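Below: one structure, written as structure tokens.
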Protein chains: 4
Amino acid sequence: MQKEIKRIALLTGGGDCPGLNATIRAVTKSAILNYGYDVIGYKFGYRGLYNNDFMSLTLNSVADLLPKGGTILFSSNKDNLFDYQVEENGQMIKKDVSDIAVQNMKKEGVDALVVIGGDGTLTSARDFSRKGVNIIGVPKTIDNDLGSTDTTFGFNTAIDIATEALDRLTTTAQSHHRIMILEVMGRNAGFIALESGIAGSADIILLPEIPYDINRIVDKINKRKQEGNLFTIIVVAEGAKAKDGKVIVSKIVADSPDPIRLGGVGNKLAADLENIIKDQEVRCTVLGHLQRGGNTCTFDRILSTRYGVAAVDLIKQGKFGTMVCLKGNEITYDNLENVIGNNKLVDKNGELVKIAKKIGVCFAD
Amino acid sequence: MQKEIKRIALLTGGGDCPGLNATIRAVTKSAILNYGYDVIGYKFGYRGLYNNDFMSLTLNSVADLLPKGGTILFSSNKDNLFDYQVEENGQMIKKDVSDIAVQNMKKEGVDALVVIGGDGTLTSARDFSRKGVNIIGVPKTIDNDLGSTDTTFGFNTAIDIATEALDRLTTTAQSHHRIMILEVMGRNAGFIALESGIAGSADIILLPEIPYDINRIVDKINKRKQEGNLFTIIVVAEGAKAKDGKVIVSKIVADSPDPIRLGGVGNKLAADLENIIKDQEVRCTVLGHLQRGGNTCTFDRILSTRYGVAAVDLIKQGKFGTMVCLKGNEITYDNLENVIGNNKLVDKNGELVKIAKKIGVCFAD
Amino acid sequence: MQKEIKRIALLTGGGDCPGLNATIRAVTKSAILNYGYDVIGYKFGYRGLYNNDFMSLTLNSVADLLPKGGTILFSSNKDNLFDYQVEENGQMIKKDVSDIAVQNMKKEGVDALVVIGGDGTLTSARDFSRKGVNIIGVPKTIDNDLGSTDTTFGFNTAIDIATEALDRLTTTAQSHHRIMILEVMGRNAGFIALESGIAGSADIILLPEIPYDINRIVDKINKRKQEGNLFTIIVVAEGAKAKDGKVIVSKIVADSPDPIRLGGVGNKLAADLENIIKDQEVRCTVLGHLQRGGNTCTFDRILSTRYGVAAVDLIKQGKFGTMVCLKGNEITYDNLENVIGNNKLVDKNGELVKIAKKIGVCFAD
Amino acid sequence: MQKEIKRIALLTGGGDCPGLNATIRAVTKSAILNYGYDVIGYKFGYRGLYNNDFMSLTLNSVADLLPKGGTILFSSNKDNLFDYQVEENGQMIKKDVSDIAVQNMKKEGVDALVVIGGDGTLTSARDFSRKGVNIIGVPKTIDNDLGSTDTTFGFNTAIDIATEALDRLTTTAQSHHRIMILEVMGRNAGFIALESGIAGSADIILLPEIPYDINRIVDKINKRKQEGNLFTIIVVAEGAKAKDGKVIVSKIVADSPDPIRLGGVGNKLAADLENIIKDQEVRCTVLGHLQRGGNTCTFDRILSTRYGVAAVDLIKQGKFGTMVCLKGNEITYDNLENVIGNNKLVDKNGELVKIAKKIGVCFAD
């Protein structure tokens with residue numbers, strides 16, 4: 001597998017994430033300017049690999065691309081070629097079509113493939129690597145939960161957006177003495193909630209890693225009232241859970257002028273708190289997809305660029321089956337086998353949680 | 001009532017709105033610097049008027065206040081002194097306590113009251129005016145639906161925020177070929193949806209003033225697909241309604257990892273569209289309180305300042321029972337009797353709807 | 001000239017201005033979707049008209065264009081085809097080559113030309129109109145000084161940027177008790193300085209329309225000191241002038257570690273003030289081209305769209321030799337003959353200057 | 001000096017920097033909530049220490065402070081108590097008054113002093129430490145050049161602002177085929193220029209650490225022209241220097257309508273380039289104080305908070321004479337003796353410069 005590299009390919013898989021285009025640009029520019037590689041991009045993630053659907057990537061393709069959200073190679077969330085839905089004999093079945101992908105790459109003379117994605121996408125990348133494909137992975141996730149790397153791109157843009165939302169909700173909370181809840185992304189890891197919570201002066205932060213006791217939340221709200229603070233700001237990660245696991249389902253008044261929104265931990269918490277705290281209004285805002293899109297923040301533009309250039313260097317050095325990583329300030333790499341299955345979680349005894357507690361933030365634990 | 005004015009009071013009522021503090025600042029500075037008035041502010045809207053709960057407003061009180069969201073006088077949503085909930089003989093009843101408010105103002109030597117608020121707050125203001133209190137109203141609402149004035153403050157900040165949200169959702173829609181719905185404020189009037197929709201390149205805008213036919217929405221989505229645009233952006237005002245009035249309630253999967261959010265027209269529309277359009281994902285983001293808070297935009301800082309100064313000039317001229325207005329570029333005023341009950345609605349045959357249609361926006365009518 | 005319109009052309013001339021691309025998009029979409037016109041765009045302003053250098057404009061050309069600063073048709077500042085520099089017999093001379101431009105348009109079957117530009121560009125447009133070319137003008141200038149229209153596009157983005165700069169300079173001024181000067185664009189008209197000054201809480205606003213007395217500035221600074229405000233924020237339009245016309249030129253210390261910047265009224269004022277006021281530092285920031293570029297603000301996206309659609313409607317109606325205008329909230333039009341030479345200036349007795357004075361702003365007059 | 005800590009003090013010295021208030025807030029909250037310390041803040045940096053001018057810092061004092069630029073303790077640039085200008089016998093002399101400061105702290109029962117500042121401020125801090133005062137330093141500088149710590153607060157906000165400025169200048173450059181120069185802060189170290197240059201897609205980055213050859217700049221501009229890119233973006237640190245040290249001073253046309261701005265490396269470079277490159281316009285924007293002020297970015301809010309909490313922990317642990325540091329992701333500390341005199345410079349052979357070169361950025365070396 002150490003034949004001379006002439007053509008490399010990229011694909012972007014999984015959810016949208018600020019920094020995808022910046023990475024595509026860095027890989028393309030670095031490959032062309034430094035090593036004379038030819039560069040193509042498969043479209044719609046692995047689906048493009050299966051359908052042999054790709055486009056040429058030139059210096060022109062990536063002009064003006066650095067700040068832009070989205071990905072010029074599009075993406076798809078659900079395409080695992082090792083377990084892919086195809087039509088066979090009139091029926092939809094799932095089968096392993098990865099060999100077709102490998103054949104396609106051979107056919108197009110692709111010597112190496114840079115896979116930019118999160119957990120699911122990089123798991124497939126590792127599987128392709130095991131089949132002998134020359135793979136370099138680049139870590140992408142809003143949640144920052146990928147293992148081996150301290151920071152994935154997209155994460156800092158997401159906490160910028162969440163912090164800005166908290167700034168906005170704070171003034172409303174103060175004027176109307178409300179309890180405002182912001183639900184942010186973070187299925188398993190609460191990094192977005194933790195860092196935006198600190199940056200956004202939240203009073204309570206609820207993480208998946210620290211199951212919460214609703215009574216602690218109520219205590220904190222009451223304590224603030226006694227101190228003369230008649231409002232409270234709560235940030236909750238979408239994967240946060242109550243300690244006792246019970247969910248108090250609120251009544252839906254579907255056709256009323258102000259229907260109660262159900263679903264998701266933020267909305268449920270809002271409903272539960274309104275049942276307990278009678279003299280304050282509780283409102284929940286779900287940031288959702290706003291965290292994924294739009295312009296890429298400065299930090300992510302730089303990180304994506306560092307990752308993209310490093311990925312091409314790894315190709316040059318023949319170090320395949322790896323993923324570029326950030327450790328402290330150093331760009332390095334780790335074997336994909338070490339990355340997959342070793343997702344990061346917030347260390348509840350770590351420095352960030354500790355300093356948050358030291359400035360008075362409550363985690364309701 | 002044309003005795004010499006020595007002391008004036010302000011209050012801010014109703015929902016939070018960027019520009020409240022800017023208005024307080026303009027009234028206070030103008031009153032002190034130009035006419036030597038003494039200025040006080042009642043806290044928590046009319047509740048403060050009832051409880052005689054007020055604070056002094058000096059030049060120092062309003063330093064650094066111009067850009068800030070929220071209101072240093074706080075606010076409350078539900079206090080109509082003409083139908084106020086009080087405890088009498090151990091029971092909670094509703095009664096007219098407006099005379100107490102009038103007495104309080106007399107007791108504190110308040111010669112004129114500036115009321116900054118929306119529909120409900122200004123209705124009470126008109127009622128106090130009918131009782132002989134010297135009232136000047138200032139029009140505040142995110143929705144921009146107050147009559148007599150072309151633009152209320154807070155509106156332009158809201159459309160800035162909504163437009164920025166659309167910019168963010170667009171990149172995600174493009175990458176993943178999704179249908180993204182943004183639900184914005186606007187119970188009865190669709191100004192926010194209309195203007196942010198135009199500024200945010202929306203493909204479909206749904207207004208309360210134009211009941212929509214879901215089939216027209218589906219047609220537009222399909223038409224875009226044929227043209228090679230595999231994504232669609234929809235802005236929907238919270239008060240928009242389907243033509244046939246029927247609501248298809250989606251199944252709640254309360255404990256699944258990805259619960260379907262119910263409630264509100266945006267969420268319902270998302271669920272309905274997902275049932276019809278099988279090959280594209282549909283996501284809804286509800287902007288909610290993000291539209292009300294945080295820094296005030298440039299336009300609203302200037303408009304609030306113009307309104308505040310004009311309100312004090314009207315006091316000086318003894319023109320009570322009025323509300324300051326913006327007509328075109330002119331600051332003027334109208335009688336509160338003309339304002340109340342004459343809320344604005346988007347003119348579906350007006351220029352803005354027409355130009356939107358001319359650049360290809362669909363209103364699903 | 002009332003033959004059937006089949007093909008229309010656009011050009012963008014003069015300085016960069018947020019909203020150019022939005023206008024191009026609105027003209028193109030409206031022309032194609034509503035009237036089936038063919039659309040081309042001349043590149044580099046009038047230079048493209050002379051060189052017959054143009055590109056096709058289709059719906060695809062203008063996708064994603066609405067928020068973008070700059071112009072996909074490029075521009076040039078200096079090309080007046082009525083007095084154009086050409087090489088003739090080895091010498092550079094200036095001559096009228098407008099007939100060549102007219103011929104080019106005839107050759108390409110251009111039935112109407114939309115000219116998007118400011119003073120200089122629209123003067124040529126009026127001249128072409130006098131020659132019988134079907135012209136529609138669209139008013140563009142950061143300064144907002146074009147006659148006949150209340151607001152040009154680009155202006156509101158510029159005041160947003162200037163206001164944000166003032167927000168930033170204010171914290172520094174407060175911490176270090178400095179006098180901070182922000183120089184903004186506005187050669188003859190001080191609209192940017194006036195409106196950003198109001199929105200940015202400036203203490204002193206200096207406009208070209210109101211020659212300033214430096215002693216009034218010093219008085220204001222001292223008065224603020226007495227009131228306990230040890231900092232002062234000054235906004236000055238680049239075309240502002242001292243009453244006595246004298247300019248005190250500061251000593252250049254060219255190779256010192258902190259050279260004094262000379263040039264432009266802001267820098268000169270800073271140097272002059274530092275000579276007079278010994279116990280406070282004075283710093284000047286020149287916003288320059290930052291006001292012209294980058295994303296277009298919400299207001300300008302909408303205004304440019306309204307202008308673009310209206311321009312195409314005017315073509316349809318055969319109302320040539322006109323420029324689209326905004327009067328109050330109405331989109332209308334005026335004859336180019338009325339526009340040229342009737343630039344707007346800030347009315348020093350108008351409402352905006354008056355309200356600024358009423359909240360304590362000093363104009364040093 | 002290991003007596004029980006009861007009262008601690010803070011001061012903020014040197015230039016304005018986003019994050020000062022965030023640090024004050026973190027120190028105050030952490031000290032009060034965790035250790036019951038009493039907290040005071042000296043005003044105007046060391047001047048307050050000399051004049052015994054201080055204020056109490058309570059939880060109320062620091063409410064709403066996290067995002068705010070500036071410092072509620074004010075600051076001063078020039079007050080070195082070891083060489084302080086005082087009036088003695090009618091004459092202004094300089095003398096060491098540090099003992100007075102030490103006496104003042106003893107008198108007020110100050111057990112430890114947290115000094116938040118840059119190079120100069122922390123040098124004095126080290127000197128006070130040598131005299132036996134209990135000192136903890138917190139590293140503040142826009143330039144990020146302080147030794148021992150990877151990142152000072154304020155730096156990331158500065159590169160955000162510079163990157164946004166580059167985004168704005170880029171559209172103008174593209175429309176008008178100009179060469180746009182942005183001069184950013186960085187007297188000795190070019191970190192701001194380097195990182196904003198990468199994030200802002202600059203074509204040329206000029207650092208103090210890499211003396212530039214103007215011919216390399218011209219080559220790059222011409223090369224871009226040949227590639228069809230008729231514009232160029234240059235970021236230059238204020239301390240950058242030409243290789244040959246010569247400065248071509250441009251002619252000042254002081255009273256012309258468009259005076260050439262002299263002073264500072266950016267302006268000089270613009271003038272020099274305009275003399276060499278005849279067919280493109282060159283414009284320089286000096287960001288100046290815009291980089292220091294206004295809201296603190298998310299990253300800096302978190303870093304300042306971590307620093308502030310860590311400083312109080314060091315007091316608790318009695319580890320005086322130190323400065324909190326960030327190494328990679330770890331908060332740690334280093335002896336002030338190691339910090340002073342060991343300022344960081346950009347490593348011209350380091351990874352960031354290398355990756356910039358790999359994506360085509362020119363350093364004109």
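Each chain of the structure tokens is named A, B, ... in the order shown, its residues numbered from 1; ligands are numbered from 1 in display order.
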Counting only C-alpha atoms, what is within 8 Å of segment 108-123 of chain B, bar same-chain residues fewer than 5 positions away, as a list in words? Ile5, Lys6, Arg7, Ile8, Ala9, Leu10, Leu11, Thr12, Gly13, Gly14, Leu20, Asn80, Val133, Asn134, Ile135, Ile136, Gly137, Val138, Pro139, Lys140, Thr141, Leu146, Ala311, Ile315, Leu336 and Ile340 of chain B
Name the residues in contact with Ala310 of chain B at a cut-off of 8 Å, using only C-alpha atoms, excluding same-chain residues fewer than 4 positions from it; report them as a list of chain:residue names. B:Arg306, B:Leu314, B:Val324, B:Ile331, B:Thr332
With a cut-off of 7 Å, could you pull out the residues of chain C touching chain D and give me the nearest pair of atoms for each, distance in Å to one decimal, using only C-alpha atoms, ordered by chain and ascending number, as a tab-separated table?
residue	atom	partner	partner_atom	distance
C:Asp16	CA	D:Thr172	CA	5.7
C:Gly69	CA	D:Thr171	CA	5.6
C:Gly70	CA	D:Thr171	CA	4.7
C:Thr71	CA	D:Ser175	CA	5.7
C:Phe74	CA	D:Ser175	CA	4.4
C:Ser75	CA	D:His176	CA	5.7
C:Ser76	CA	D:His176	CA	6.1
C:Ala165	CA	D:Leu290	CA	6.4
C:Asp167	CA	D:Gly294	CA	6.0
C:Arg168	CA	D:Gly294	CA	3.8
C:Leu169	CA	D:Gly293	CA	5.7
C:Thr171	CA	D:Gly70	CA	4.7
C:Thr172	CA	D:Gly293	CA	5.4
C:Gln174	CA	D:Gly70	CA	7.0
C:Ser175	CA	D:Phe74	CA	4.4
C:His176	CA	D:Ser75	CA	5.7
C:Ala254	CA	D:Gly263	CA	6.3
C:Pro259	CA	D:Gly263	CA	5.6
C:Ile260	CA	D:Gly263	CA	6.4
C:Arg261	CA	D:Gly263	CA	5.1
C:Leu262	CA	D:Arg261	CA	5.9
C:Gly263	CA	D:Arg261	CA	5.0
C:Gly264	CA	D:Pro259	CA	6.4
C:Thr285	CA	D:Gly288	CA	6.4
C:Gly288	CA	D:Thr285	CA	6.4
C:His289	CA	D:Leu169	CA	6.6
C:Leu290	CA	D:Arg168	CA	5.9
C:Arg292	CA	D:Thr172	CA	6.9
C:Gly293	CA	D:Arg168	CA	4.4
C:Gly294	CA	D:Arg168	CA	3.8
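When atom CA of Lys107 of chain B is paired with atom CA of Gln317 of chain B, their separation reads 23.5 Å.
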Taking the chain letters and numbering used in this document, name the residues of segment 76-168 of chain B that DSSP puts in helix (DSSP H, G or I), as a ChimeraX atom specification. /B:98-107,119-130,155-168
Computed interatomic separation between atom CA of Leu57 of chain D and atom CA of Gln280 of chain C (Å):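 One can read the atom CA of Leu57 of chain D to atom CA of Gln280 of chain C distance as 26.9 Å.
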Neighbour list for Lys348 of chain D as a JSON list (two decimals) with N, CA, C and O atoms, in the first residue's frame, cut-off 12 Å, only C-alpha atoms, skip fewer than 5 positions in-chain:
[["chain", "number", "residue", "atom", "x", "y", "z"],
["D", 189, "ALA", "N", 5.38, 40.43, 19.04],
["D", 189, "ALA", "CA", 4.95, 39.09, 18.69],
["D", 189, "ALA", "C", 3.78, 39.16, 17.72],
["D", 189, "ALA", "O", 2.87, 39.96, 17.90],
["D", 190, "GLY", "N", 3.81, 38.30, 16.74],
["D", 190, "GLY", "CA", 2.81, 38.38, 15.67],
["D", 190, "GLY", "C", 1.68, 37.39, 15.76],
["D", 190, "GLY", "O", 1.10, 37.01, 14.75],
["D", 191, "PHE", "N", 1.31, 36.98, 16.97],
["D", 191, "PHE", "CA", 0.27, 35.96, 17.11],
["D", 191, "PHE", "C", -1.07, 36.40, 16.53],
["D", 191, "PHE", "O", -1.76, 35.61, 15.88],
["D", 194, "LEU", "N", -0.84, 36.29, 12.77],
["D", 194, "LEU", "CA", -0.76, 34.91, 12.27],
["D", 194, "LEU", "C", -2.10, 34.21, 12.32],
["D", 194, "LEU", "O", -2.56, 33.64, 11.32],
["D", 205, "ILE", "N", 0.97, 37.32, 5.21],
["D", 205, "ILE", "CA", 1.00, 37.63, 6.63],
["D", 205, "ILE", "C", 2.40, 38.15, 6.96],
["D", 205, "ILE", "O", 3.39, 37.48, 6.66],
["D", 206, "LEU", "N", 2.48, 39.32, 7.57],
["D", 206, "LEU", "CA", 3.77, 39.91, 7.93],
["D", 206, "LEU", "C", 3.89, 40.00, 9.44],
["D", 206, "LEU", "O", 3.09, 40.67, 10.10],
["D", 207, "LEU", "N", 4.91, 39.31, 9.97],
["D", 207, "LEU", "CA", 5.10, 39.22, 11.41],
["D", 207, "LEU", "C", 6.37, 39.94, 11.84],
["D", 207, "LEU", "O", 7.33, 40.00, 11.07],
["D", 208, "PRO", "N", 6.43, 40.40, 13.09],
["D", 208, "PRO", "CA", 7.67, 40.99, 13.58],
["D", 208, "PRO", "C", 8.82, 39.96, 13.57],
["D", 208, "PRO", "O", 9.97, 40.31, 13.36],
["D", 209, "GLU", "N", 8.45, 38.69, 13.77],
["D", 209, "GLU", "CA", 9.46, 37.64, 13.85],
["D", 209, "GLU", "C", 10.08, 37.29, 12.50],
["D", 209, "GLU", "O", 11.12, 36.65, 12.44],
["D", 210, "ILE", "N", 9.40, 37.69, 11.42],
["D", 210, "ILE", "CA", 9.89, 37.36, 10.08],
["D", 210, "ILE", "C", 9.99, 38.64, 9.25],
["D", 210, "ILE", "O", 9.01, 39.04, 8.59],
["D", 211, "PRO", "N", 11.16, 39.33, 9.31],
["D", 211, "PRO", "CA", 11.33, 40.55, 8.52],
["D", 211, "PRO", "C", 11.00, 40.28, 7.06],
["D", 211, "PRO", "O", 11.39, 39.25, 6.51],
["D", 353, "VAL", "N", 2.92, 28.46, 11.42],
["D", 353, "VAL", "CA", 3.52, 29.09, 10.24],
["D", 353, "VAL", "C", 3.63, 28.07, 9.10],
["D", 353, "VAL", "O", 3.34, 28.38, 7.95],
["D", 354, "LYS", "N", 3.97, 26.86, 9.45],
["D", 354, "LYS", "CA", 4.11, 25.82, 8.42],
["D", 354, "LYS", "C", 2.78, 25.52, 7.73],
["D", 354, "LYS", "O", 2.71, 25.41, 6.51],
["D", 355, "ILE", "N", 1.74, 25.35, 8.51],
["D", 355, "ILE", "CA", 0.47, 25.03, 7.84],
["D", 355, "ILE", "C", -0.01, 26.21, 7.02],
["D", 355, "ILE", "O", -0.60, 26.03, 5.95],
["D", 356, "ALA", "N", 0.25, 27.42, 7.50],
["D", 356, "ALA", "CA", -0.13, 28.57, 6.70],
["D", 356, "ALA", "C", 0.58, 28.52, 5.35],
["D", 356, "ALA", "O", -0.03, 28.72, 4.29],
["D", 357, "LYS", "N", 1.87, 28.25, 5.38],
["D", 357, "LYS", "CA", 2.60, 28.16, 4.12],
["D", 357, "LYS", "C", 2.06, 27.04, 3.25],
["D", 357, "LYS", "O", 1.97, 27.17, 2.02],
["D", 363, "PHE", "N", 4.79, 34.69, 3.52],
["D", 363, "PHE", "CA", 5.29, 35.49, 4.64],
["D", 363, "PHE", "C", 6.35, 36.49, 4.19],
["D", 363, "PHE", "O", 6.98, 37.15, 5.00],
["D", 365, "ASP", "N", 9.27, 36.17, 3.25],
["D", 365, "ASP", "CA", 10.63, 36.00, 3.79],
["D", 365, "ASP", "C", 11.59, 35.46, 2.74],
["D", 365, "ASP", "O", 11.25, 35.26, 1.59]]
Just to confirm, what's the straight-line distance from atom CA of Ala364 of chain A to atom CA of Asp38 of chain D in Å (one decimal)?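 Straight-line distance from atom CA of Ala364 of chain A to atom CA of Asp38 of chain D works out to 27.5 Å.
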Excluding Asn329 of chain C and its own-chain neighbours fewer than 3 positions away, which residues fall within 12 Å of it when counting only C-alpha atoms? Please give them as a PyMOL selection string. (chain B and resi 149-151+326-330+350-352) or (chain C and resi 149-151+303+306+325-326+332)
